[in-house]
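Chemist: There's a structure below that I have some questions on.
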Amino acid sequence: MGEGHRQRLKKRFYKEGLGHFAPHNVLELLLFYCIPRKDTNNIAHSLLKRFGSFSSVVEAPLEELMKVEGVGENTAVFLKMIPQICSYYLGDKTASKKQITSTAEAGEYLWPKFLGKTKENVYLICMDTNGKVLFSDFIMEGSVTMAGITARSVAEITLRVGAVQVILAHNHPRGFALPSPQDIYVTRTLHKSLEALGILLADHIIVSNEDFVSMAESGYLE
């Protein structure tokens, strides 16, 4: 289609943003920057045909992306970076957030951390009595129902940073942000165990690709 087509698509982005772009146009535009001298329209259509959607393309395994004709290692790595860049950008915007005093603030802080995560991960926020964040990071990969997440492991981090309350979060990468019976059981067990150590489990937030649910607001920590 040539350089003229590339310039037209770029100008359209400058004027409109991506809101009215079809998925293949978004992919095509992105691919301009790692495939300089090929028709990226066909490659974009091939990627969507193979994986089904834009989000599925950028979440696909590196080796699967490279099976699409025209997609080399550099292009595959570039595509894999997109959800991570989105997560980094949103995380950076909330990095200055030093205090969490509501469920909405906790969700706003946590949701970007899980962008691009295709496996379950557990995240921990440790705070003082006023909600000031003293520690926040992923503490394990896997479900909260796995043996790796225990009151002792949470308490060790909490006490080390001098915190008195924590918010636990984990994601449901392929489902809704609804607590399973196992989630509820583990949450209540952790709540009681941490309480015995003088640590408050203020909330357990479940994150999906589009939403989050507070188990405290849902009544599971009463």
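How things are named: the first chain in the structure tokens is A, the next is B, and so on; residues count from 1 in each chain; ligands count from 1 in the order shown.
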At a cut-off of 12 Å, can you tabulate as JSON lines every residue of segment 50-122 of chain A near segment 195-210 of chain A together with its closest atom pair and the distance in Å to one decimal, using only C-alpha atoms and ordering rows by chain then number?
Modeler:
{"residue": "A:Ser55", "atom": "CA", "partner": "A:Asn209", "partner_atom": "CA", "distance": 10.4}
{"residue": "A:Pro83", "atom": "CA", "partner": "A:Asn209", "partner_atom": "CA", "distance": 11.4}
{"residue": "A:Ser87", "atom": "CA", "partner": "A:Asn209", "partner_atom": "CA", "distance": 11.8}
{"residue": "A:Ile100", "atom": "CA", "partner": "A:Ala202", "partner_atom": "CA", "distance": 10.8}
{"residue": "A:Thr101", "atom": "CA", "partner": "A:Ala202", "partner_atom": "CA", "distance": 10.3}
{"residue": "A:Ser102", "atom": "CA", "partner": "A:Asp203", "partner_atom": "CA", "distance": 10.0}
{"residue": "A:Thr103", "atom": "CA", "partner": "A:Asp203", "partner_atom": "CA", "distance": 8.2}
{"residue": "A:Ala104", "atom": "CA", "partner": "A:Ile205", "partner_atom": "CA", "distance": 10.7}
{"residue": "A:Glu105", "atom": "CA", "partner": "A:Ile205", "partner_atom": "CA", "distance": 11.6}
{"residue": "A:Ala106", "atom": "CA", "partner": "A:Ile205", "partner_atom": "CA", "distance": 8.3}
{"residue": "A:Gly107", "atom": "CA", "partner": "A:Ile205", "partner_atom": "CA", "distance": 7.4}
{"residue": "A:Glu108", "atom": "CA", "partner": "A:Val207", "partner_atom": "CA", "distance": 10.7}
{"residue": "A:Tyr109", "atom": "CA", "partner": "A:Ile205", "partner_atom": "CA", "distance": 11.1}
{"residue": "A:Leu110", "atom": "CA", "partner": "A:Val207", "partner_atom": "CA", "distance": 8.1}
{"residue": "A:Trp111", "atom": "CA", "partner": "A:Val207", "partner_atom": "CA", "distance": 6.4}
{"residue": "A:Pro112", "atom": "CA", "partner": "A:Asn209", "partner_atom": "CA", "distance": 9.6}
{"residue": "A:Lys113", "atom": "CA", "partner": "A:Val207", "partner_atom": "CA", "distance": 9.6}
{"residue": "A:Phe114", "atom": "CA", "partner": "A:Val207", "partner_atom": "CA", "distance": 7.5}
{"residue": "A:Leu115", "atom": "CA", "partner": "A:Asn209", "partner_atom": "CA", "distance": 7.1}
{"residue": "A:Gly116", "atom": "CA", "partner": "A:Asn209", "partner_atom": "CA", "distance": 8.5}
{"residue": "A:Lys117", "atom": "CA", "partner": "A:Asn209", "partner_atom": "CA", "distance": 9.0}
{"residue": "A:Thr118", "atom": "CA", "partner": "A:Asn209", "partner_atom": "CA", "distance": 9.7}
{"residue": "A:Lys119", "atom": "CA", "partner": "A:Ser208", "partner_atom": "CA", "distance": 11.3}
{"residue": "A:Glu120", "atom": "CA", "partner": "A:Val207", "partner_atom": "CA", "distance": 9.9}
{"residue": "A:Asn121", "atom": "CA", "partner": "A:Val207", "partner_atom": "CA", "distance": 10.1}
{"residue": "A:Val122", "atom": "CA", "partner": "A:Ile206", "partner_atom": "CA", "distance": 9.6}
Chemist: Just want the 6 Å neighbourhood of segment 125-139 of chain A, counted on only C-alpha atoms, with same-chain residues fewer than 4 positions away dropped. Output as a JSON list (two decimals) with C-alpha atoms, in the first residue's frame.
Modeler:
[["chain", "number", "residue", "atom", "x", "y", "z"],
["A", 98, "LYS", "CA", 0.99, 7.15, 49.30],
["A", 99, "GLN", "CA", -2.30, 6.67, 51.10],
["A", 100, "ILE", "CA", -5.26, 4.36, 50.55],
["A", 101, "THR", "CA", -8.41, 5.21, 52.48],
["A", 158, "THR", "CA", 4.04, -6.74, 57.30],
["A", 163, "ALA", "CA", 2.74, -2.03, 59.08],
["A", 164, "VAL", "CA", -0.45, -2.85, 60.98],
["A", 165, "GLN", "CA", -2.93, -3.49, 58.17],
["A", 166, "VAL", "CA", -2.81, -5.10, 54.76],
["A", 167, "ILE", "CA", -4.77, -5.40, 51.55]]
Chemist: I'd like to know which residues of segment 43-125 of chain A are strand (DSSP E or B) (by DSSP, run on the backbone); could you write them as a ChimeraX atom specification?
Modeler: /A:99,121-125
Chemist: Please determine, counting only C-alpha atoms, which residue among A:Lys80, A:Arg6, A:Tyr185, A:Ile157 has the shortest atom-to-atom distance to Arg37 of chain A.
Modeler: A:Arg6
Chemist: Report as a PyMOL selection string all protein, DNA and RNA residues lying within 9 Å of Phe78 of chain A, evaluated on only C-alpha atoms, omitting residues in the same chain fewer than 2 positions from it.
Modeler: chain A and resi 30-31+34+58+73-76+80-82
Chemist: If you run DSSP on the backbone here, which positions in segment 61-97 of chain A get alpha helix (DSSP H)? Please write them as a list in words.
Modeler: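 The alpha helix (DSSP H) subset of segment 61-97 of chain A is Leu62, Glu63, Glu64, Leu65, Glu73, Asn74, Thr75, Ala76, Val77, Phe78, Leu79, Lys80, Met81, Ile82, Pro83, Gln84, Ile85, Cys86, Ser87, Tyr88, Tyr89, Leu90, Gly91, Asp92 and Lys93 of chain A.
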Chemist: Determine, counting only C-alpha atoms, which protein, DNA and RNA residues have an atom within 7 Å of an atom of Leu48 of chain A; residues of the same chain fewer than 5 positions away are not included. Present the result as a list of chain:residue names.
Modeler: A:Ser53, A:Phe54, A:Val57
Chemist: In Å, rounded to a single decimal, give me how far atom CA of Val154 of chain A is from atom CA of Tyr123 of chain A.
Modeler: 10.4 Å
Chemist: So, with only C-alpha atoms as the atoms that count, which of A:Met140, A:Leu194, A:Ile85, A:Leu124 lies closest to Leu168 of chain A?
Modeler: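 Of A:Met140, A:Leu194, A:Ile85, A:Leu124, the one nearest Leu168 of chain A, counting only C-alpha atoms, is A:Leu124.
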Chemist: Between A:Val77, A:Asp211, A:Asn42, A:Glu141, single out the one closest to Leu62 of chain A, counting only C-alpha atoms.
Modeler: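 Between A:Val77, A:Asp211, A:Asn42, A:Glu141, the residue approaching Leu62 of chain A most closely is A:Val77.
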